[in-house]
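**Student:** final-v3.cif is reproduced below (mmCIF, C-alpha atoms and all ligand atoms).
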data_target
#
loop_
_atom_site.label_atom_id
_atom_site.label_comp_id
_atom_site.auth_asym_id
_atom_site.auth_seq_id
_atom_site.Cartn_x
_atom_site.Cartn_y
_atom_site.Cartn_z
CA MET A 1 39.76 33.97 9.63
CA SER A 2 38.29 31.54 12.16
CA LEU A 3 38.32 31.92 15.93
CA SER A 4 41.13 30.35 17.87
CA VAL A 5 40.10 29.09 21.33
CA SER A 6 42.64 27.86 23.89
CA ARG A 7 41.73 26.59 27.35
CA LEU A 8 43.71 28.30 30.12
CA GLY A 9 42.03 26.72 33.16
CA LYS A 10 41.85 23.04 33.96
CA THR A 11 38.11 22.63 33.37
CA PHE A 12 37.03 26.06 32.07
CA PHE A 13 38.25 29.55 31.11
CA ALA A 14 39.59 29.89 27.57
CA GLU A 15 41.26 32.65 25.57
CA VAL A 16 39.70 33.59 22.24
CA GLU A 17 41.91 35.02 19.51
CA ASN A 18 41.49 35.99 15.86
CA VAL A 19 38.47 38.19 16.45
CA ASP A 20 38.25 41.99 16.65
CA ILE A 21 35.52 42.58 19.22
CA ARG A 22 35.42 46.31 18.41
CA GLN A 23 33.87 45.54 15.03
CA PRO A 24 30.38 44.12 14.36
CA LEU A 25 30.71 40.32 14.35
CA ALA A 26 29.77 38.02 11.48
CA PRO A 27 27.04 35.49 12.40
CA ALA A 28 29.64 32.69 12.30
CA ALA A 29 31.80 34.53 14.85
CA ILE A 30 28.83 35.03 17.19
CA ASP A 31 27.99 31.33 16.88
CA GLY A 32 31.63 30.42 17.52
CA ILE A 33 31.78 32.57 20.66
CA ASN A 34 28.48 31.16 21.92
CA ASP A 35 29.77 27.62 21.35
CA ALA A 36 33.03 28.42 23.14
CA LEU A 37 31.12 29.95 26.07
CA ALA A 38 28.93 26.84 26.34
CA GLU A 39 32.03 24.67 26.51
CA HIS A 40 34.44 26.80 28.57
CA ALA A 41 31.96 28.99 30.58
CA ILE A 42 34.45 31.91 30.65
CA LEU A 43 36.25 33.55 27.73
CA LEU A 44 39.12 36.03 27.60
CA PHE A 45 39.48 38.50 24.72
CA ARG A 46 42.19 41.11 24.21
CA ALA A 47 40.86 44.53 23.23
CA PRO A 48 43.22 47.37 24.24
CA GLY A 49 41.58 50.79 24.16
CA LEU A 50 38.03 49.42 24.28
CA THR A 51 35.48 52.19 24.97
CA ASP A 52 32.18 51.88 26.87
CA GLU A 53 30.30 52.24 23.58
CA GLU A 54 32.34 49.49 21.91
CA GLN A 55 31.89 47.23 24.93
CA MET A 56 28.12 47.79 24.87
CA ALA A 57 27.98 47.11 21.13
CA PHE A 58 29.93 43.84 21.58
CA THR A 59 27.75 42.77 24.52
CA GLU A 60 24.48 43.50 22.72
CA GLN A 61 25.31 40.97 20.02
CA PHE A 62 24.66 38.26 22.63
CA GLY A 63 21.32 39.60 23.89
CA PRO A 64 19.65 42.67 25.35
CA LEU A 65 21.68 44.68 27.85
CA GLU A 66 20.75 44.49 31.53
CA ALA A 67 20.28 47.83 33.29
CA ILE A 68 22.29 48.33 36.50
CA GLN A 69 19.33 49.78 38.50
CA LEU A 70 21.58 50.86 41.36
CA ARG A 71 21.79 54.45 42.52
CA VAL A 72 24.38 56.52 40.62
CA GLY A 73 27.55 56.60 42.71
CA ARG A 74 27.48 52.98 43.79
CA GLN A 75 28.87 51.30 40.70
CA ARG A 76 28.88 54.10 38.17
CA ASN A 77 30.97 57.09 37.27
CA THR A 78 28.70 57.56 34.31
CA SER A 79 25.01 58.16 33.80
CA ASN A 80 24.98 55.22 31.39
CA GLU A 81 22.60 52.75 33.03
CA PHE A 82 24.12 49.77 31.20
CA VAL A 83 27.74 50.21 32.33
CA ALA A 84 28.85 49.31 35.86
CA ASP A 85 31.97 51.11 36.97
CA MET A 86 33.99 48.80 39.20
CA SER A 87 36.69 51.22 40.27
CA ASN A 88 38.22 52.94 43.26
CA VAL A 89 38.18 56.39 41.66
CA ASP A 90 35.74 59.31 41.59
CA PRO A 91 34.33 60.80 38.35
CA ASP A 92 37.47 62.98 38.03
CA GLY A 93 39.74 59.95 38.31
CA ALA A 94 41.03 60.62 41.85
CA ILE A 95 41.40 57.70 44.28
CA LEU A 96 38.39 57.51 46.62
CA PRO A 97 38.84 57.84 50.39
CA ALA A 98 38.84 54.57 52.33
CA ASP A 99 35.48 55.38 53.92
CA SER A 100 33.68 56.21 50.65
CA GLU A 101 30.24 54.72 50.13
CA LYS A 102 31.21 53.32 46.75
CA LEU A 103 34.15 51.33 48.16
CA ALA A 104 31.95 50.11 51.03
CA PHE A 105 29.31 48.90 48.57
CA GLN A 106 31.87 47.29 46.25
CA LYS A 107 33.36 45.34 49.14
CA GLY A 108 30.51 42.91 48.41
CA ASN A 109 32.24 41.96 45.14
CA GLU A 110 34.98 40.29 47.19
CA PHE A 111 32.56 37.53 48.26
CA TRP A 112 31.87 34.62 45.91
CA HIS A 113 28.77 35.51 43.90
CA THR A 114 27.05 35.33 40.56
CA ASP A 115 25.82 38.61 39.08
CA SER A 116 22.22 39.68 39.68
CA SER A 117 21.09 36.47 41.39
CA PHE A 118 19.17 38.95 43.60
CA LYS A 119 16.94 39.80 40.61
CA PRO A 120 13.84 37.71 39.70
CA VAL A 121 15.46 37.01 36.31
CA PRO A 122 19.19 36.62 36.98
CA SER A 123 21.82 37.73 34.45
CA GLY A 124 23.05 36.06 31.32
CA PRO A 125 26.76 36.58 30.55
CA SER A 126 28.73 39.49 32.06
CA PHE A 127 31.57 41.29 30.24
CA LEU A 128 34.30 42.95 32.31
CA SER A 129 37.05 45.00 30.70
CA ALA A 130 40.25 46.23 32.33
CA ARG A 131 41.01 49.90 31.71
CA VAL A 132 43.52 50.50 34.55
CA VAL A 133 45.02 47.75 36.72
CA PRO A 134 47.07 47.82 39.94
CA SER A 135 50.66 46.54 39.92
CA ASP A 136 49.80 44.19 42.77
CA GLY A 137 46.64 42.16 43.54
CA GLY A 138 43.15 42.82 42.20
CA ASN A 139 42.75 39.46 40.44
CA THR A 140 39.29 38.12 39.74
CA GLU A 141 38.80 34.49 40.74
CA PHE A 142 36.26 32.26 39.05
CA ALA A 143 34.77 28.91 40.11
CA ASP A 144 33.29 26.25 37.80
CA LEU A 145 29.91 25.24 39.28
CA ARG A 146 29.42 22.50 36.64
CA GLU A 147 32.52 20.64 37.75
CA ALA A 148 31.62 21.17 41.40
CA TRP A 149 28.19 19.64 40.79
CA ASP A 150 29.64 16.67 38.91
CA ALA A 151 32.08 16.01 41.75
CA LEU A 152 29.48 16.06 44.54
CA PRO A 153 28.62 12.65 46.00
CA ALA A 154 25.36 11.26 44.54
CA GLU A 155 23.53 11.37 47.87
CA ARG A 156 24.40 15.06 48.27
CA GLN A 157 23.19 15.77 44.72
CA GLU A 158 19.90 14.01 45.48
CA MET A 159 19.43 16.00 48.65
CA ILE A 160 20.10 19.37 46.97
CA GLU A 161 18.27 18.96 43.68
CA GLY A 162 14.88 20.66 43.80
CA LEU A 163 15.84 23.02 46.63
CA VAL A 164 15.10 26.72 46.32
CA ALA A 165 17.13 29.50 47.96
CA GLU A 166 16.16 33.06 48.78
CA HIS A 167 18.59 35.64 47.37
CA SER A 168 18.80 39.33 48.16
CA LEU A 169 21.23 42.21 47.76
CA GLU A 170 20.45 43.40 51.26
CA TYR A 171 21.39 39.97 52.57
CA SER A 172 24.75 39.80 50.78
CA ARG A 173 25.71 43.35 51.77
CA ALA A 174 24.71 42.73 55.40
CA ARG A 175 27.42 40.02 55.53
CA TYR A 176 29.97 42.75 56.12
CA GLY A 177 27.74 45.30 57.82
CA TYR A 178 26.60 47.39 54.83
CA LYS A 179 23.05 48.62 55.40
CA ASP A 180 22.82 51.89 53.50
CA PHE A 181 20.00 51.04 51.07
CA ASN A 182 17.38 53.66 50.44
CA THR A 183 13.65 52.92 50.29
CA ASP A 184 13.57 52.90 46.48
CA GLU A 185 16.29 50.26 46.31
CA LYS A 186 14.51 48.11 48.88
CA GLN A 187 11.41 48.23 46.69
CA ILE A 188 13.35 47.49 43.50
CA PHE A 189 15.21 44.56 45.08
CA PRO A 190 12.94 42.49 47.35
CA PRO A 191 14.21 38.94 48.11
CA VAL A 192 13.75 36.50 45.20
CA TYR A 193 13.75 32.74 44.79
CA GLN A 194 16.42 30.89 42.80
CA ALA A 195 16.96 27.21 42.04
CA MET A 196 19.99 25.71 43.81
CA VAL A 197 20.64 23.41 40.86
CA ARG A 198 20.25 24.71 37.30
CA THR A 199 20.13 22.82 34.04
CA HIS A 200 22.08 24.88 31.51
CA ALA A 201 19.78 26.16 28.76
CA VAL A 202 22.36 25.53 26.00
CA THR A 203 24.21 22.39 27.11
CA GLY A 204 21.68 20.61 29.35
CA ARG A 205 24.50 20.18 31.87
CA LYS A 206 23.59 20.57 35.55
CA ASN A 207 25.36 22.89 37.95
CA LEU A 208 25.10 24.26 41.46
CA TYR A 209 23.71 27.80 41.63
CA LEU A 210 24.44 29.79 44.77
CA GLY A 211 26.65 32.61 46.06
CA SER A 212 26.75 35.44 48.55
CA HIS A 213 23.29 36.77 47.68
CA ALA A 214 21.74 33.45 48.84
CA GLY A 215 20.68 33.92 52.44
CA SER A 216 18.35 31.02 53.22
CA ILE A 217 16.86 27.83 51.82
CA VAL A 218 13.11 27.34 51.59
CA GLY A 219 11.88 24.75 54.11
CA MET A 220 15.04 24.84 56.24
CA SER A 221 15.79 26.61 59.51
CA GLU A 222 18.17 29.56 59.51
CA ALA A 223 20.93 27.40 61.02
CA GLU A 224 20.44 24.52 58.56
CA SER A 225 20.33 26.97 55.62
CA GLN A 226 23.51 28.73 56.68
CA ALA A 227 25.34 25.46 57.23
CA LEU A 228 24.38 23.99 53.85
CA LEU A 229 25.04 27.19 51.88
CA LYS A 230 28.46 27.56 53.51
CA GLU A 231 29.30 23.89 52.94
CA LEU A 232 28.41 24.15 49.24
CA ILE A 233 30.23 27.44 48.58
CA ASP A 234 33.32 26.10 50.37
CA TYR A 235 33.05 22.91 48.34
CA ALA A 236 32.57 24.66 44.99
CA THR A 237 35.46 27.07 45.50
CA GLN A 238 38.17 24.50 46.26
CA PRO A 239 41.34 25.04 44.21
CA GLN A 240 40.48 22.31 41.67
CA PHE A 241 37.37 24.28 40.58
CA VAL A 242 38.96 27.75 40.61
CA TYR A 243 40.83 29.85 38.04
CA SER A 244 42.43 33.15 39.10
CA HIS A 245 42.69 35.79 36.39
CA SER A 246 45.44 38.36 36.68
CA TRP A 247 44.30 41.42 34.72
CA THR A 248 46.28 43.11 31.96
CA VAL A 249 45.02 46.43 30.56
CA GLY A 250 42.89 45.64 27.52
CA ASP A 251 41.56 42.29 28.76
CA LEU A 252 37.86 41.65 28.39
CA VAL A 253 36.49 38.62 30.22
CA MET A 254 33.04 37.27 29.33
CA TRP A 255 31.60 34.82 31.87
CA ASP A 256 28.45 32.76 32.06
CA ASN A 257 26.69 33.78 35.28
CA ARG A 258 24.43 30.75 35.04
CA CYS A 259 27.17 28.27 35.89
CA THR A 260 30.12 30.10 37.49
CA LEU A 261 30.96 32.11 40.61
CA HIS A 262 33.44 34.95 40.82
CA ARG A 263 34.98 37.30 43.36
CA ALA A 264 37.34 40.27 43.27
CA ARG A 265 40.56 39.96 45.25
CA PRO A 266 42.00 42.81 47.36
CA TYR A 267 44.61 45.31 46.15
CA PRO A 268 46.14 48.47 47.67
CA LYS A 269 43.03 50.64 47.16
CA GLN A 270 44.50 53.77 48.71
CA THR A 271 47.63 53.88 46.56
CA GLU A 272 46.79 52.16 43.27
CA LYS A 273 43.96 52.60 40.78
CA ARG A 274 41.87 49.77 39.41
CA ILE A 275 39.27 50.66 36.80
CA LEU A 276 37.13 47.91 35.32
CA ARG A 277 33.88 48.37 33.40
CA ARG A 278 31.12 45.78 33.25
CA THR A 279 28.26 45.23 30.84
CA THR A 280 25.79 42.39 31.16
CA VAL A 281 23.27 40.56 29.01
CA ALA A 282 19.85 40.21 30.64
CA GLY A 283 18.82 36.67 31.58
CA ALA A 284 16.11 34.89 29.61
CA ARG A 285 13.79 33.66 32.36
CA PRO A 286 13.49 33.03 36.10
CA THR A 287 14.97 29.83 37.56
CA VAL A 288 11.91 29.17 39.74
CA VAL A 289 8.23 29.35 38.78
CA ASN A 290 5.46 28.94 41.38
CA GLY A 291 8.06 27.89 43.92
CA VAL A 292 9.49 25.07 41.76
CA PRO A 293 12.82 25.07 39.86
CA ILE A 294 12.31 24.91 36.10
CA ASP A 295 14.32 22.83 33.60
CA GLU A 296 15.87 25.60 31.51
CA TRP A 297 17.24 23.19 28.91
CA LYS A 298 13.86 21.57 28.27
CA ILE A 299 12.22 24.97 27.90
CA GLU A 300 14.93 26.06 25.48
CA GLN A 301 14.52 22.86 23.45
CA ALA A 302 10.76 23.38 23.22
CA ALA A 303 11.15 27.05 22.14
FE FE B 401 30.17 40.37 40.06
#
Kindly transcribe the structure held in the file into structure tokens.
**Tutor:**
Amino acid sequence: MSLSVSRLGKTFFAEVENVDIRQPLAPAAIDGINDALAEHAILLFRAPGLTDEEQMAFTEQFGPLEAIQLRVGRQRNTSNEFVADMSNVDPDGAILPADSEKLAFQKGNEFWHTDSSFKPVPSGPSFLSARVVPSDGGNTEFADLREAWDALPAERQEMIEGLVAEHSLEYSRARYGYKDFNTDEKQIFPPVYQAMVRTHAVTGRKNLYLGSHAGSIVGMSEAESQALLKELIDYATQPQFVYSHSWTVGDLVMWDNRCTLHRARPYPKQTEKRILRRTTVAGARPTVVNGVPIDEWKIEQAA
């Protein structure tokens, strides 16, 4: 049986059917999913009852798993270092108090971002599965950074291409006043450089690359950096580039962090539970070497 892929968004986001992601995939199915991801950037699968182990096994077929590296309690109700627990419950399943550290930390997920852009080698695809969903709110919104790049005026593209931004987890969390990082985490996550325009390793297509972890632009003043980053995020997240996914229990969404942004939307956190689990494939290489953005497509072609 071959995969069936149907586009749900205008420019990206497709649903994939005719594949059981709880079973090991045939090479043709892996190729088909990789092709669909290259084209649509975000894929939706339906897998009711998916376990952490099954989700990890599915994820690993697309590359090595990325470790979370955050202190237990921030994004995990499990000691499994490869599964991020994006939920408003404690390990016993009770709703967390409004002032809990975990909810404070996860507030950062409500800003437009791309996963792990604060790491020297940013993530490959992320996989998020819905285990419990609220009756109201809690969507995840996605933005297509390829389309946003294509739609930018040529003179803006010229001005931005080649720029490098500094990304850090401390920076993105400070946006809303979160400062509770311990010394170990500060050492694990120093600020890193990322290209502001990436060339997709598989398709060769260019896209903007930015998000809430980006705090400044190399060679620009603080004020100029802030103005340009805000302008570009506002531009890239206009309705024509955005798809809002309303979660159903059993959904698994796989997105390409290299060319999309996402953010969680609010929901009644003190009365309703929302339990999502994320696994992520580690990225292949940095986006900047010796201070200069690399052409990921050319490197991939030469490999
Ligand atoms: Fe995220």
**Student:** Of the candidates A:Val133, A:Ala201, A:Met86, A:Ile233, which one gets nearest to ligand FE 401 (chain B) if we count only C-alpha atoms and all ligand atoms?
**Tutor:**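 The answer is A:Met86, which sits nearest to ligand FE 401 (chain B).
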**Student:** Counting only C-alpha atoms and all ligand atoms, name the residues that have an atom within 7 Å of an atom of ligand FE 401 (chain B); the answer should be given as JSON, numbers by chain.
**Tutor:** {"A": [109, 113, 114, 115, 262, 263]}
**Student:** Considering all atoms listed in the file, state which residue in the set A:Leu261, A:Ala104, A:Met56, A:Leu145 is at the smallest distance from Lys179 of chain A.
**Tutor:** A:Ala104
**Student:** Which residue gives the smallest distance to Glu54 of chain A among A:Ala302, A:Ala98, A:Leu252, A:Val242, with only C-alpha atoms counted?
**Tutor:**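 Closest to Glu54 of chain A of all the choices is A:Leu252.
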**Student:** Could you check which of A:Phe45, A:Phe13, A:Tyr267, A:Tyr193 is closest to Asn88 of chain A, using all atoms listed in the file?
**Tutor:**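 Result for the nearest residue to Asn88 of chain A: A:Tyr267.
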**Student:** Tell me which protein, DNA and RNA residues are within 10 Å of Phe12 of chain A, counting only C-alpha atoms, leaving out same-chain ones fewer than 6 positions away, and put them as a PyMOL selection string.
**Tutor:** chain A and resi 37-43+142-144+146-147+241-243+260
**Student:** I'd like the neighbourhood of segment 154-156 of chain A as a ChimeraX atom specification, where a residue qualifies if any of its atoms comes within 12 Å (using all atoms listed in the file), though same-chain residues fewer than 6 positions away should be ignored.
**Tutor:** /A:148,162-163,197,208,228,231-232,235
**Student:** Return the single residue from A:Pro286, A:Gly49, A:Pro268, A:Gly108 that is closest to Gly177 of chain A, with distances computed using only C-alpha atoms.
**Tutor:**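 For Gly177 of chain A, the nearest of the given residues is A:Gly108.
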**Student:** Fewer than 5 positions away in the same chain doesn't count, so skip those; otherwise give me all residues within 8 Å of Glu296 of chain A, counting all atoms listed in the file, as a list in words.
**Tutor:** Arg198, Thr199, His200, Ala201, Gly204 and Thr287 of chain A
**Student:** So that I can see what lies close to Glu66 of chain A, please list as a list in words the residues with an atom at most 9 Å from it, counting all atoms listed in the file and leaving out residues fewer than 2 positions away in the same chain.
**Tutor:**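 Surrounding residues, per the criterion: Pro64, Ile68, Gln69, Glu81, Phe82, Ser123, Gly124, Thr279, Thr280, Val281, Ala282 and Gly283 of chain A.
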**Student:** Quick one: pull the distance between atom CA of Ser212 of chain A and atom CA of Thr271 of chain A, Å, one decimal.
**Tutor:**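 Between atom CA of Ser212 of chain A and atom CA of Thr271 of chain A the gap works out to 27.9 Å.
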